[in-house]
file entry.csv (CSV, C-alpha atoms and all ligand atoms)
chain,number,residue,atom,x,y,z
A,197,MET,CA,60.3,141.0,38.0
A,198,ASP,CA,58.5,139.2,35.1
A,199,CYS,CA,57.2,141.8,32.7
A,200,ARG,CA,55.7,139.4,30.2
A,201,VAL,CA,52.0,139.3,29.5
A,202,PRO,CA,50.7,136.3,31.5
A,203,VAL,CA,50.0,133.2,29.5
A,204,LYS,CA,46.4,132.1,30.0
A,205,LEU,CA,46.2,128.3,30.7
A,206,LEU,CA,43.2,126.0,30.9
A,207,LEU,CA,43.6,122.7,32.7
A,208,VAL,CA,41.6,119.6,31.6
A,209,GLY,CA,41.6,116.8,34.1
A,210,ALA,CA,41.6,117.3,37.9
A,211,GLY,CA,42.8,113.9,39.0
A,212,ILE,CA,46.1,113.0,40.5
A,213,ARG,CA,48.2,114.5,37.8
A,214,GLY,CA,45.9,117.5,37.2
A,215,GLU,CA,46.2,118.4,40.9
A,216,VAL,CA,50.0,118.7,40.4
A,217,TRP,CA,49.6,120.8,37.3
A,218,ALA,CA,47.2,123.1,39.1
A,219,ARG,CA,49.8,123.5,41.9
A,220,VAL,CA,52.6,124.2,39.4
A,221,CYS,CA,50.5,126.6,37.3
A,222,SER,CA,49.2,128.5,40.3
A,223,ASP,CA,52.7,129.1,41.6
A,224,ALA,CA,54.3,130.0,38.2
A,225,PRO,CA,55.1,133.6,37.5
A,226,GLY,CA,53.7,134.7,34.2
A,227,VAL,CA,51.0,132.1,34.2
A,228,ASP,CA,47.3,132.7,34.8
A,229,LEU,CA,45.2,129.5,35.3
A,230,VAL,CA,41.9,130.6,33.9
A,231,GLY,CA,39.9,127.4,34.2
A,232,ILE,CA,39.7,123.8,35.3
A,233,VAL,CA,37.7,121.3,33.3
A,234,ASP,CA,36.8,117.8,34.5
A,235,ARG,CA,33.8,115.6,33.7
A,236,ASP,CA,33.5,115.2,37.4
A,237,LEU,CA,32.9,118.8,38.6
A,238,SER,CA,33.5,118.0,42.2
A,239,LYS,CA,37.1,117.1,41.4
A,240,ALA,CA,37.6,120.4,39.5
A,241,GLU,CA,36.2,122.3,42.4
A,242,ALA,CA,38.3,120.5,45.0
A,243,VAL,CA,41.5,121.3,43.0
A,244,ARG,CA,40.5,124.9,42.7
A,245,SER,CA,39.9,125.1,46.4
A,246,ILE,CA,43.1,123.4,47.5
A,247,HIS,CA,45.2,125.8,45.4
A,248,HIS,CA,43.1,128.9,46.1
A,249,ILE,CA,42.6,129.7,42.4
A,250,LYS,CA,39.4,131.7,43.1
A,251,ASN,CA,39.0,133.2,39.6
A,252,ALA,CA,39.4,130.0,37.6
A,253,LEU,CA,36.3,128.9,35.8
A,254,ILE,CA,35.1,125.4,36.7
A,255,GLY,CA,33.5,123.3,33.9
A,256,GLU,CA,32.7,119.9,32.5
A,257,ASP,CA,32.9,120.7,28.8
A,258,LEU,CA,36.2,121.7,27.1
A,259,GLU,CA,34.6,123.5,24.2
A,260,HIS,CA,32.5,125.7,26.4
A,261,ALA,CA,35.4,126.5,28.7
A,262,LEU,CA,37.5,127.4,25.7
A,263,ARG,CA,34.9,129.9,24.5
A,264,VAL,CA,34.5,131.5,27.9
A,265,THR,CA,38.1,131.7,29.0
A,266,GLN,CA,39.9,132.2,25.7
A,267,PRO,CA,43.2,130.7,26.9
A,268,ASP,CA,46.5,130.7,25.1
A,269,ALA,CA,47.2,127.1,25.9
A,270,VAL,CA,45.6,123.9,27.3
A,271,ILE,CA,47.1,121.3,29.6
A,272,VAL,CA,45.5,117.9,29.2
A,273,ALA,CA,45.8,115.6,32.2
A,274,THR,CA,43.1,113.0,31.5
A,275,PRO,CA,43.3,109.3,30.8
A,276,PRO,CA,45.2,108.4,27.6
A,277,ASN,CA,42.1,107.2,25.7
A,278,THR,CA,40.7,110.8,25.9
A,279,HIS,CA,43.8,112.6,24.7
A,280,TYR,CA,43.2,112.5,21.0
A,281,ASN,CA,39.8,114.0,21.2
A,282,LEU,CA,40.6,116.7,23.7
A,283,VAL,CA,43.9,117.7,22.1
A,284,SER,CA,42.2,117.9,18.7
A,285,ILE,CA,39.5,120.2,20.2
A,286,ALA,CA,42.1,122.5,21.8
A,287,LEU,CA,44.3,122.7,18.6
A,288,SER,CA,41.3,123.3,16.4
A,289,ALA,CA,40.4,126.3,18.6
A,290,GLY,CA,43.9,127.7,18.1
A,291,ASN,CA,45.4,126.8,21.4
A,292,HIS,CA,48.9,125.5,22.2
A,293,VAL,CA,48.8,122.3,24.1
A,294,LEU,CA,50.8,120.4,26.7
A,295,CYS,CA,49.4,116.9,26.9
A,296,GLU,CA,50.2,114.1,29.4
A,297,LYS,CA,51.8,110.9,28.2
A,298,PRO,CA,51.1,108.8,26.2
A,299,LEU,CA,49.8,111.3,23.6
A,300,SER,CA,47.8,108.3,22.4
A,301,ASP,CA,48.2,104.6,22.3
A,302,GLN,CA,47.4,104.8,18.5
A,303,MET,CA,50.4,105.9,16.5
A,304,SER,CA,48.1,107.1,13.7
A,305,GLU,CA,46.4,109.5,16.2
A,306,VAL,CA,49.8,110.8,17.4
A,307,ILE,CA,50.9,111.4,13.8
A,308,ASP,CA,47.7,113.2,13.1
A,309,LEU,CA,48.1,115.5,16.1
A,310,VAL,CA,51.7,116.3,15.4
A,311,LEU,CA,50.8,117.3,11.8
A,312,GLN,CA,47.7,119.2,12.9
A,313,ALA,CA,49.8,121.3,15.4
A,314,ARG,CA,52.6,121.9,12.8
A,315,ASN,CA,50.2,123.0,10.1
A,316,ASP,CA,48.5,125.4,12.4
A,317,GLY,CA,51.8,126.8,13.8
A,318,LEU,CA,50.9,125.7,17.4
A,319,GLU,CA,53.1,124.2,20.1
A,320,LEU,CA,52.3,120.6,21.2
A,321,LEU,CA,54.4,119.4,24.1
A,322,VAL,CA,54.1,116.1,26.0
A,323,GLY,CA,54.5,115.4,29.8
A,324,MET,CA,58.0,113.9,29.7
A,325,ASN,CA,58.8,115.8,32.9
A,326,PHE,CA,61.3,113.3,34.2
A,327,ARG,CA,63.8,114.7,31.7
A,328,TYR,CA,64.0,117.7,34.1
A,329,LEU,CA,65.0,115.7,37.2
A,330,SER,CA,68.4,116.7,38.5
A,331,THR,CA,69.6,113.1,38.0
A,332,SER,CA,68.5,113.0,34.4
A,333,GLN,CA,70.2,116.3,33.7
A,334,ARG,CA,73.4,115.2,35.3
A,335,ILE,CA,73.6,111.9,33.4
A,336,LYS,CA,72.9,113.8,30.1
A,337,GLN,CA,75.7,116.2,31.0
A,338,TYR,CA,78.2,113.3,31.5
A,339,VAL,CA,77.3,111.8,28.2
A,340,GLU,CA,77.7,115.1,26.4
A,341,THR,CA,81.0,116.2,28.0
A,342,GLN,CA,82.4,112.6,27.8
A,343,GLU,CA,84.0,113.3,31.2
A,344,LEU,CA,83.9,109.5,31.9
A,345,GLY,CA,84.7,108.6,28.3
A,346,ASN,CA,82.4,106.9,25.9
A,347,LEU,CA,79.1,105.3,26.9
A,348,SER,CA,79.1,101.6,26.2
A,349,HIS,CA,76.3,99.8,27.9
A,350,ALA,CA,73.7,100.1,30.6
A,351,GLN,CA,71.2,98.3,32.8
A,352,PHE,CA,67.9,100.1,33.7
A,353,SER,CA,65.8,98.3,36.4
A,354,TYR,CA,62.5,99.6,37.8
A,355,VAL,CA,60.9,97.1,40.2
A,356,ARG,CA,57.8,98.3,42.0
A,357,HIS,CA,54.8,96.5,43.5
A,358,ARG,CA,52.1,99.0,42.4
A,359,ASP,CA,48.8,97.7,43.7
A,360,GLY,CA,46.3,99.0,41.2
A,361,GLY,CA,43.5,98.8,43.9
A,362,ARG,CA,44.9,101.8,45.9
A,363,ASP,CA,42.5,104.7,46.4
A,364,ASP,CA,45.2,107.2,45.6
A,365,LEU,CA,46.0,105.8,42.2
A,366,ASN,CA,44.2,106.1,38.9
A,367,ASP,CA,42.3,103.0,38.0
A,368,TYR,CA,42.2,103.0,34.2
A,369,PRO,CA,45.6,101.1,33.9
A,370,LEU,CA,43.9,98.1,35.6
A,371,GLU,CA,42.2,97.2,32.3
A,372,MET,CA,44.7,98.6,29.8
A,373,LEU,CA,46.6,96.5,27.3
A,374,TYR,CA,50.3,96.7,28.3
A,375,PRO,CA,49.8,99.2,31.1
A,376,MET,CA,53.5,99.1,32.2
A,377,LEU,CA,54.7,99.9,28.6
A,378,PHE,CA,52.3,102.7,27.9
A,379,GLU,CA,52.1,104.3,31.3
A,380,GLN,CA,55.5,103.8,32.9
A,381,SER,CA,58.2,102.4,30.6
A,382,ILE,CA,57.4,105.2,28.1
A,383,HIS,CA,59.1,107.5,30.7
A,384,HIS,CA,62.1,105.2,30.9
A,385,PHE,CA,62.5,104.8,27.2
A,386,ASP,CA,62.3,108.5,26.8
A,387,LEU,CA,65.0,109.0,29.4
A,388,LEU,CA,67.3,106.6,27.7
A,389,ARG,CA,67.0,108.5,24.4
A,390,TYR,CA,67.1,111.9,26.0
A,391,CYS,CA,70.0,111.4,28.4
A,392,TYR,CA,72.1,109.3,26.0
A,393,GLY,CA,71.4,111.7,23.1
A,394,ALA,CA,71.0,108.8,20.7
A,395,GLU,CA,68.2,107.0,18.8
A,396,VAL,CA,67.4,103.3,19.1
A,397,HIS,CA,68.6,101.2,16.2
A,398,SER,CA,66.8,98.0,17.1
A,399,LEU,CA,65.2,96.2,20.0
A,400,VAL,CA,63.9,92.8,21.1
A,401,ALA,CA,61.3,92.6,23.9
A,402,ASP,CA,59.2,90.3,26.0
A,403,SER,CA,56.4,90.9,28.5
A,404,TRP,CA,54.3,88.8,30.9
A,405,LYS,CA,51.9,88.9,33.8
A,406,PRO,CA,52.7,87.2,37.2
A,407,THR,CA,49.8,85.3,38.7
A,408,TRP,CA,49.3,87.7,41.7
A,409,SER,CA,49.3,90.8,39.6
A,410,THR,CA,46.5,93.3,40.2
A,411,TYR,CA,46.5,94.2,36.5
A,412,LYS,CA,44.4,92.5,33.8
A,413,ASN,CA,47.2,92.5,31.3
A,414,ASP,CA,51.0,92.2,31.1
A,415,CYS,CA,52.9,94.5,33.5
A,416,CYS,CA,56.4,93.0,33.4
A,417,VAL,CA,58.6,94.2,30.5
A,418,SER,CA,62.0,93.2,29.4
A,419,VAL,CA,63.7,95.0,26.5
A,420,LEU,CA,67.2,94.8,25.0
A,421,PHE,CA,68.0,98.0,23.1
A,422,ARG,CA,70.8,98.6,20.6
A,423,PHE,CA,71.3,102.3,20.0
A,424,GLU,CA,72.6,103.7,16.8
A,425,ASP,CA,76.0,104.6,18.4
A,426,ASN,CA,76.3,100.9,19.4
A,427,VAL,CA,75.3,101.5,23.1
A,428,HIS,CA,73.5,98.5,24.5
A,429,VAL,CA,70.8,98.8,27.2
A,430,ASN,CA,69.2,96.0,29.1
A,431,TYR,CA,65.8,97.2,30.5
A,432,PHE,CA,63.5,95.6,33.0
A,433,GLY,CA,60.4,97.2,34.4
A,434,THR,CA,57.5,95.9,36.4
A,435,TRP,CA,54.5,97.0,38.4
A,436,THR,CA,54.2,93.6,40.0
A,437,GLY,CA,56.8,92.5,42.5
A,438,SER,CA,56.6,90.3,45.6
A,439,TRP,CA,58.3,92.9,48.0
A,440,ASN,CA,56.6,96.2,48.6
A,441,LYS,CA,60.0,98.0,48.7
A,442,MET,CA,60.6,99.9,45.4
A,443,GLU,CA,63.9,99.2,43.7
A,444,PHE,CA,65.2,101.6,41.0
A,445,ARG,CA,68.7,101.2,39.6
A,446,TRP,CA,70.1,102.7,36.4
A,447,ARG,CA,73.8,101.9,35.8
A,448,SER,CA,75.6,103.5,32.8
A,449,GLU,CA,79.0,102.1,31.9
A,450,PHE,CA,81.5,104.5,30.3
A,451,SER,CA,85.0,103.7,29.2
A,452,ARG,CA,86.5,105.5,32.2
A,453,GLY,CA,83.9,104.9,34.9
A,454,VAL,CA,80.3,104.3,35.9
A,455,LEU,CA,77.3,106.3,36.9
A,456,ILE,CA,74.7,104.6,39.1
A,457,GLN,CA,71.3,106.1,39.9
A,458,GLN,CA,70.2,104.2,42.9
A,459,SER,CA,66.7,105.6,43.5
A,460,GLN,CA,64.0,107.0,41.3
A,461,PHE,CA,64.6,110.7,41.8
A,462,ASP,CA,68.1,111.0,43.3
A,463,ASP,CA,71.1,109.2,44.7
A,464,LEU,CA,73.4,109.3,41.7
A,465,ILE,CA,76.9,108.0,42.3
A,466,ARG,CA,80.0,108.1,40.2
A,467,ILE,CA,82.9,105.6,40.2
A,468,ASP,CA,86.2,106.4,38.4
A,469,PHE,CA,87.5,103.2,36.8
A,470,GLN,CA,91.0,102.1,37.7
A,471,PRO,CA,91.7,99.2,35.3
A,472,GLU,CA,94.9,98.2,37.0
A,473,MET,CA,92.9,97.2,40.1
A,474,GLY,CA,91.5,94.3,38.0
A,475,LEU,CA,94.9,92.6,38.1
A,476,SER,CA,95.3,92.3,41.9
A,477,GLY,CA,93.4,91.5,45.0
A,478,SER,CA,90.2,89.4,45.1
A,479,ARG,CA,88.8,88.2,41.9
A,480,PHE,CA,85.3,88.9,43.1
A,481,LYS,CA,85.7,92.3,44.8
A,482,GLU,CA,83.3,93.6,47.5
A,483,GLU,CA,82.7,97.3,47.6
A,484,ASP,CA,85.5,98.0,50.1
A,485,GLU,CA,88.1,96.4,47.8
A,486,ALA,CA,87.1,98.2,44.7
A,487,GLU,CA,87.2,101.8,43.5
A,488,THR,CA,85.5,104.3,45.9
A,489,SER,CA,82.2,105.7,44.8
A,490,HIS,CA,81.4,109.4,45.0
A,491,ALA,CA,77.9,110.9,45.5
A,492,GLU,CA,77.0,113.4,42.9
A,493,ARG,CA,75.9,116.8,44.4
A,494,MET,CA,72.8,118.0,42.6
A,495,PRO,CA,70.2,120.7,43.2
A,496,ALA,CA,67.3,119.5,45.4
A,497,CYS,CA,64.3,118.5,43.3
A,498,VAL,CA,60.7,117.8,44.5
A,499,PRO,CA,59.7,114.9,42.2
A,500,PHE,CA,56.7,115.5,39.9
A,501,VAL,CA,56.6,119.2,41.0
A,502,ASP,CA,59.9,120.8,40.2
A,503,ASP,CA,60.4,118.8,37.0
A,504,SER,CA,56.9,119.8,35.9
A,505,ARG,CA,57.7,123.4,36.7
A,506,MET,CA,60.6,123.3,34.3
A,507,LEU,CA,58.4,121.6,31.6
A,508,LEU,CA,55.8,124.4,32.1
A,509,ASP,CA,58.5,126.9,31.7
A,510,GLU,CA,59.5,125.3,28.4
A,511,LEU,CA,55.9,125.6,27.2
A,512,VAL,CA,55.6,129.3,28.3
A,513,ARG,CA,58.9,130.2,26.7
A,514,ALA,CA,57.9,128.4,23.5
A,515,ILE,CA,54.6,130.3,23.4
A,516,GLN,CA,56.5,133.6,23.9
A,517,LYS,CA,59.0,132.7,21.2
A,518,GLU,CA,61.9,132.7,23.7
A,519,GLN,CA,62.9,129.1,23.2
A,520,ILE,CA,62.5,126.3,20.7
A,521,PRO,CA,61.0,123.5,22.7
A,522,THR,CA,62.5,120.0,22.7
A,523,THR,CA,59.9,118.1,24.7
A,524,THR,CA,57.6,118.1,21.7
A,525,ALA,CA,55.0,115.7,20.3
A,526,ALA,CA,57.2,115.1,17.3
A,527,ASP,CA,60.0,114.0,19.6
A,528,HIS,CA,57.6,112.1,21.8
A,529,LEU,CA,56.7,110.0,18.7
A,530,ARG,CA,60.3,108.6,18.6
A,531,SER,CA,60.0,107.5,22.3
A,532,LEU,CA,56.5,106.3,21.9
A,533,CYS,CA,57.3,104.2,18.8
A,534,LEU,CA,59.5,102.1,21.1
A,535,VAL,CA,56.4,100.9,22.8
A,536,PRO,CA,54.5,99.4,19.8
A,537,ALA,CA,57.9,98.3,18.4
A,538,SER,CA,58.4,96.3,21.7
A,539,ILE,CA,54.9,94.8,21.3
A,540,GLU,CA,55.7,93.9,17.7
A,541,SER,CA,58.9,92.3,18.8
A,542,LEU,CA,57.3,90.2,21.6
A,543,GLU,CA,54.4,89.1,19.3
A,544,LYS,CA,56.8,88.1,16.4
A,545,LYS,CA,59.5,86.9,18.8
A,546,SER,CA,62.2,88.8,16.8
A,547,TRP,CA,64.3,91.9,16.7
A,548,VAL,CA,62.7,95.0,15.3
A,549,ASN,CA,64.7,97.6,13.3
A,550,LEU,CA,63.4,101.0,14.2
A,551,GLN,CA,64.0,102.7,10.9
A,552,GLU,CA,62.1,100.0,9.1
A,553,TYR,CA,59.4,100.3,11.8
A,554,TYR,CA,59.1,104.1,11.3
A,555,GLU,CA,58.6,103.5,7.5
A,556,LYS,CA,56.0,100.8,8.2
A,557,LEU,CA,54.0,103.2,10.4
A,558,GLY,CA,54.6,106.2,8.2
A,559,VAL,CA,55.9,108.3,11.0
A,560,SER,CA,59.0,109.8,9.2
A,561,GLN,CA,57.2,112.9,8.0
A,562,ALA,CA,55.7,113.6,11.5
A,563,VAL,CA,59.0,113.0,13.2
A,564,GLY,CA,60.9,115.3,10.8
A,565,ASP,CA,64.3,116.2,12.0
A,566,SER,CA,63.2,116.8,15.6
A,567,HIS,CA,65.5,115.3,18.2
A,568,CYS,CA,65.2,115.7,22.0
A,569,TYR,CA,68.9,116.5,22.1
A,570,GLY,CA,68.9,119.1,19.4
A,571,LYS,CA,71.2,117.5,16.9
B,1,LIG,N1,54.1,112.8,33.8
B,1,LIG,C1,53.8,112.3,35.0
B,1,LIG,O1,54.7,112.3,35.8
B,1,LIG,C2,52.5,111.6,35.2
B,1,LIG,C3,52.2,111.1,36.5
B,1,LIG,C4,50.9,110.5,36.7
B,1,LIG,C5,50.0,110.5,35.6
B,1,LIG,N2,50.4,111.0,34.4
B,1,LIG,C6,49.4,111.0,33.2
B,1,LIG,O2,48.4,111.9,33.5
B,1,LIG,C7,47.2,111.5,32.9
B,1,LIG,C8,46.1,111.4,34.0
B,1,LIG,O3,46.5,110.5,35.0
B,1,LIG,P1,45.9,110.6,36.4
B,1,LIG,O4,46.7,109.7,37.3
B,1,LIG,O5,45.8,112.1,36.8
B,1,LIG,O6,44.4,110.0,36.2
B,1,LIG,P2,43.2,110.2,37.2
B,1,LIG,O7,42.2,109.1,36.8
B,1,LIG,O8,43.6,110.4,38.6
B,1,LIG,O9,42.5,111.6,36.7
B,1,LIG,C9,42.0,111.8,35.4
B,1,LIG,C10,40.9,112.9,35.5
B,1,LIG,O10,40.4,113.1,34.2
B,1,LIG,C11,39.0,113.3,34.3
B,1,LIG,N3,38.5,113.0,32.9
B,1,LIG,C12,38.4,111.8,32.3
B,1,LIG,N4,37.9,112.0,31.1
B,1,LIG,C13,37.7,113.3,30.9
B,1,LIG,C14,37.2,114.1,29.8
B,1,LIG,N5,36.8,113.5,28.7
B,1,LIG,N6,37.1,115.4,30.0
B,1,LIG,C15,37.4,116.0,31.2
B,1,LIG,N7,37.9,115.3,32.2
B,1,LIG,C16,38.0,113.9,32.1
B,1,LIG,C17,38.6,112.3,35.3
B,1,LIG,O11,37.3,112.6,35.9
B,1,LIG,C18,39.7,112.5,36.4
B,1,LIG,O12,39.4,113.5,37.3
B,1,LIG,C19,47.5,110.1,32.2
B,1,LIG,O13,47.8,110.3,30.9
B,1,LIG,C20,48.7,109.7,33.0
B,1,LIG,O14,49.5,108.8,32.2
B,1,LIG,C21,51.6,111.6,34.2
call {"tool": "encode", "arguments": {"input": "entry.csv", "output": "structure tokens"}}
result
Amino acid sequence: MDCRVPVKLLLVGAGIRGEVWARVCSDAPGVDLVGIVDRDLSKAEAVRSIHHIKNALIGEDLEHALRVTQPDAVIVATPPNTHYNLVSIALSAGNHVLCEKPLSDQMSEVIDLVLQARNDGLELLVGMNFRYLSTSQRIKQYVETQELGNLSHAQFSYVRHRDGGRDDLNDYPLEMLYPMLFEQSIHHFDLLRYCYGAEVHSLVADSWKPTWSTYKNDCCVSVLFRFEDNVHVNYFGTWTGSWNKMEFRWRSEFSRGVLIQQSQFDDLIRIDFQPEMGLSGSRFKEEDEAETSHAERMPACVPFVDDSRMLLDELVRAIQKEQIPTTTAADHLRSLCLVPASIESLEKKSWVNLQEYYEKLGVSQAVGDSHCYGK
């Protein structure tokens, strides 16, 4: 039985993501969802009704809802261009915050929020929930234990035809600059840092827009990363394909074997490298001639929901001083910087050194010594 005093949470944004947060909050022990704010009241009411959160206040205005409900923390699940304003209001009222990604597309605003939260002694976490997928946790574990030897290089490929015209998708990315980078690749860049436990040394990037894309701006991204420990990663991500089947493949090459994640939320296989096989048999081996692959057994995980539950738990434990959080805004700044650094690289058509880029943006103070992997 959970004997802690319940943490009072207020949710802002009752769209696609807000609905998931309402579900997760209403199920969570030790959490009381005291209100749902959306500038469209009908959406807030619909979410309250779906999840039977009868006592939650419904409102359009965050400041009013904060005064009435007096929450401990606010979850912000609105479009990115509203985050800075809403998070500032919540922090100024003395609330801890968990905000969806990207915290802002302006690095100066992210820095400002990080410093504001730190100065006020408040927790500010960001929705990097994919860190908590079973696949991500397992890859991270292999890197940490070095069970397959040292990580050397990787390919990360996310190919999805995401038609922005669908009714069940948010529509603000249709007009965004670099929607793939800010909305989707940010998760992938964060996973690379988090699972590999390493920071990016430098990167070179390109982006473009296919003629049949439903997005106004670039939605194909290619980035070559060099990490500080000399790991090299080749990344490709797109929301415009010409096959509606989604393809996700993340292959990590270690000195003694390979991990391949073959779908977005599961299907991780391990192959133990047998170097001597390279000297015999076919020079271009098919699967049945090469080392056998083994499926990794992992706890079942409902995507977006179970990973968000674990992130919520991190927030609650941080508020209750039971855990030092790692999915913080200061840490997010390191992942998020990889986005404008990629834009700088493609505009200048050159490699970008991340340490120099941090100094140029003045992020060093905000980042501090926070690392997602606790070094
Ligand atoms: N971490 C994840 O897995 C994940 C998944 C999807 C979306 N997201 C993020 O969640 C956020 C929201 O995305 P979405 O898909 O739910 O968008 P959405 O358009 O479906 O919902 C946004 C909601 O915010 C409301 N809103 C907008 N401005 C507001 C304001 N100033 N005050 C109050 N309400 C306001 C809108 O009326 C709408 O109901 C984005 O930052 C997105 O990147 C994260």
call {"tool": "residues_around", "arguments": {"input": "entry.csv", "residues": "range 314-331 of chain A", "least_positions_apart": "5", "cutoff": "9 Å", "atoms": "all atoms listed in the file", "output": "NGL selection string"}}
result
:A and (269 or 283 or 287-288 or 290-299 or 309 or 336 or 382-384 or 386-387 or 390-391 or 457 or 460-464 or 492 or 494-500 or 502-507 or 510-511 or 514-515 or 521-528 or 562)
call {"tool": "residues_near_ligand", "arguments": {"input": "entry.csv", "ligand": "ligand LIG 1 (chain B)", "cutoff": "9 Å", "atoms": "all atoms listed in the file", "output": "MDAnalysis selection string"}}
result
chainID A and resid 208:216 233:240 255:258 272:279 281:282 295:300 322:326 364:369 378:380 383 499:501 503:504
call {"tool": "write_last_selection", "arguments": {"input": "entry.csv", "atoms": "C-alpha atoms", "output": "CSV table (one decimal), in the frame of the given file"}}
result
chain,number,residue,atom,x,y,z
A,208,VAL,CA,41.6,119.6,31.6
A,209,GLY,CA,41.6,116.8,34.1
A,210,ALA,CA,41.6,117.3,37.9
A,211,GLY,CA,42.8,113.9,39.0
A,212,ILE,CA,46.1,113.0,40.5
A,213,ARG,CA,48.2,114.5,37.8
A,214,GLY,CA,45.9,117.5,37.2
A,215,GLU,CA,46.2,118.4,40.9
A,216,VAL,CA,50.0,118.7,40.4
A,233,VAL,CA,37.7,121.3,33.3
A,234,ASP,CA,36.8,117.8,34.5
A,235,ARG,CA,33.8,115.6,33.7
A,236,ASP,CA,33.5,115.2,37.4
A,237,LEU,CA,32.9,118.8,38.6
A,238,SER,CA,33.5,118.0,42.2
A,239,LYS,CA,37.1,117.1,41.4
A,240,ALA,CA,37.6,120.4,39.5
A,255,GLY,CA,33.5,123.3,33.9
A,256,GLU,CA,32.7,119.9,32.5
A,257,ASP,CA,32.9,120.7,28.8
A,258,LEU,CA,36.2,121.7,27.1
A,272,VAL,CA,45.5,117.9,29.2
A,273,ALA,CA,45.8,115.6,32.2
A,274,THR,CA,43.1,113.0,31.5
A,275,PRO,CA,43.3,109.3,30.8
A,276,PRO,CA,45.2,108.4,27.6
A,277,ASN,CA,42.1,107.2,25.7
A,278,THR,CA,40.7,110.8,25.9
A,279,HIS,CA,43.8,112.6,24.7
A,281,ASN,CA,39.8,114.0,21.2
A,282,LEU,CA,40.6,116.7,23.7
A,295,CYS,CA,49.4,116.9,26.9
A,296,GLU,CA,50.2,114.1,29.4
A,297,LYS,CA,51.8,110.9,28.2
A,298,PRO,CA,51.1,108.8,26.2
A,299,LEU,CA,49.8,111.3,23.6
A,300,SER,CA,47.8,108.3,22.4
A,322,VAL,CA,54.1,116.1,26.0
A,323,GLY,CA,54.5,115.4,29.8
A,324,MET,CA,58.0,113.9,29.7
A,325,ASN,CA,58.8,115.8,32.9
A,326,PHE,CA,61.3,113.3,34.2
A,364,ASP,CA,45.2,107.2,45.6
A,365,LEU,CA,46.0,105.8,42.2
A,366,ASN,CA,44.2,106.1,38.9
A,367,ASP,CA,42.3,103.0,38.0
A,368,TYR,CA,42.2,103.0,34.2
A,369,PRO,CA,45.6,101.1,33.9
A,378,PHE,CA,52.3,102.7,27.9
A,379,GLU,CA,52.1,104.3,31.3
A,380,GLN,CA,55.5,103.8,32.9
A,383,HIS,CA,59.1,107.5,30.7
A,499,PRO,CA,59.7,114.9,42.2
A,500,PHE,CA,56.7,115.5,39.9
A,501,VAL,CA,56.6,119.2,41.0
A,503,ASP,CA,60.4,118.8,37.0
A,504,SER,CA,56.9,119.8,35.9
call {"tool": "residues_around", "arguments": {"input": "entry.csv", "residues": "range 539-545 of chain A", "least_positions_apart": "3", "cutoff": "9 Å", "atoms": "only C-alpha atoms", "output": "mmCIF file with C-alpha atoms, in the coordinates of the input"}}
result
data_model
loop_
_atom_site.group_PDB
_atom_site.id
_atom_site.type_symbol
_atom_site.label_atom_id
_atom_site.label_comp_id
_atom_site.auth_asym_id
_atom_site.auth_seq_id
_atom_site.Cartn_x
_atom_site.Cartn_y
_atom_site.Cartn_z
ATOM 1 C CA TYR A 374 50.300 96.700 28.300
ATOM 2 C CA LEU A 377 54.700 99.900 28.600
ATOM 3 C CA LEU A 399 65.200 96.200 20.000
ATOM 4 C CA VAL A 400 63.900 92.800 21.100
ATOM 5 C CA ALA A 401 61.300 92.600 23.900
ATOM 6 C CA ASP A 402 59.200 90.300 26.000
ATOM 7 C CA SER A 403 56.400 90.900 28.500
ATOM 8 C CA LEU A 534 59.500 102.100 21.100
ATOM 9 C CA VAL A 535 56.400 100.900 22.800
ATOM 10 C CA PRO A 536 54.500 99.400 19.800
ATOM 11 C CA VAL A 548 62.700 95.000 15.300
#
call {"tool": "residues_around", "arguments": {"input": "entry.csv", "residues": "Leu557 in chain A", "least_positions_apart": "4", "cutoff": "10 Å", "atoms": "all atoms listed in the file", "output": "list in words"}}
result
Met303, Ser304, Ile307, Cys533, Glu552 and Tyr553 of chain A
call {"tool": "atom_distance", "arguments": {"input": "entry.csv", "atom1": "CA of Gly231 in chain A", "atom2": "CA of Gln516 in chain A"}}
result
20.5 Å
call {"tool": "closest_residue", "arguments": {"input": "entry.csv", "among": "A:Cys221, A:Ile271, A:Val264, A:Ile520", "to": "Leu206 in chain A", "atoms": "all atoms listed in the file"}}
result
A:Ile271
call {"tool": "atom_distance", "arguments": {"input": "entry.csv", "atom1": "CA of Gln351 in chain A", "atom2": "CA of Leu370 in chain A"}}
result
27.4 Å
call {"tool": "decode", "arguments": {"input": "entry.csv", "residues": "range 336-340 of chain A", "atoms": "N, CA and C atoms", "output": "PDB file, in the first residue's frame"}}
result
ATOM      1  N   LYS A 336      20.680  -0.117 -23.291  1.00  0.00           N
ATOM      2  CA  LYS A 336      21.495   0.626 -22.316  1.00  0.00           C
ATOM      3  C   LYS A 336      22.271  -0.350 -21.408  1.00  0.00           C
ATOM      4  N   GLN A 337      21.564  -1.411 -21.004  1.00  0.00           N
ATOM      5  CA  GLN A 337      22.178  -2.401 -20.120  1.00  0.00           C
ATOM      6  C   GLN A 337      23.380  -3.085 -20.799  1.00  0.00           C
ATOM      7  N   TYR A 338      23.206  -3.437 -22.082  1.00  0.00           N
ATOM      8  CA  TYR A 338      24.315  -4.080 -22.810  1.00  0.00           C
ATOM      9  C   TYR A 338      25.524  -3.148 -22.910  1.00  0.00           C
ATOM     10  N   VAL A 339      25.253  -1.867 -23.128  1.00  0.00           N
ATOM     11  CA  VAL A 339      26.368  -0.912 -23.222  1.00  0.00           C
ATOM     12  C   VAL A 339      27.076  -0.816 -21.877  1.00  0.00           C
ATOM     13  N   GLU A 340      26.287  -0.729 -20.807  1.00  0.00           N
ATOM     14  CA  GLU A 340      26.889  -0.550 -19.470  1.00  0.00           C
ATOM     15  C   GLU A 340      27.690  -1.782 -19.024  1.00  0.00           C
TER      16      GLU A 340
END
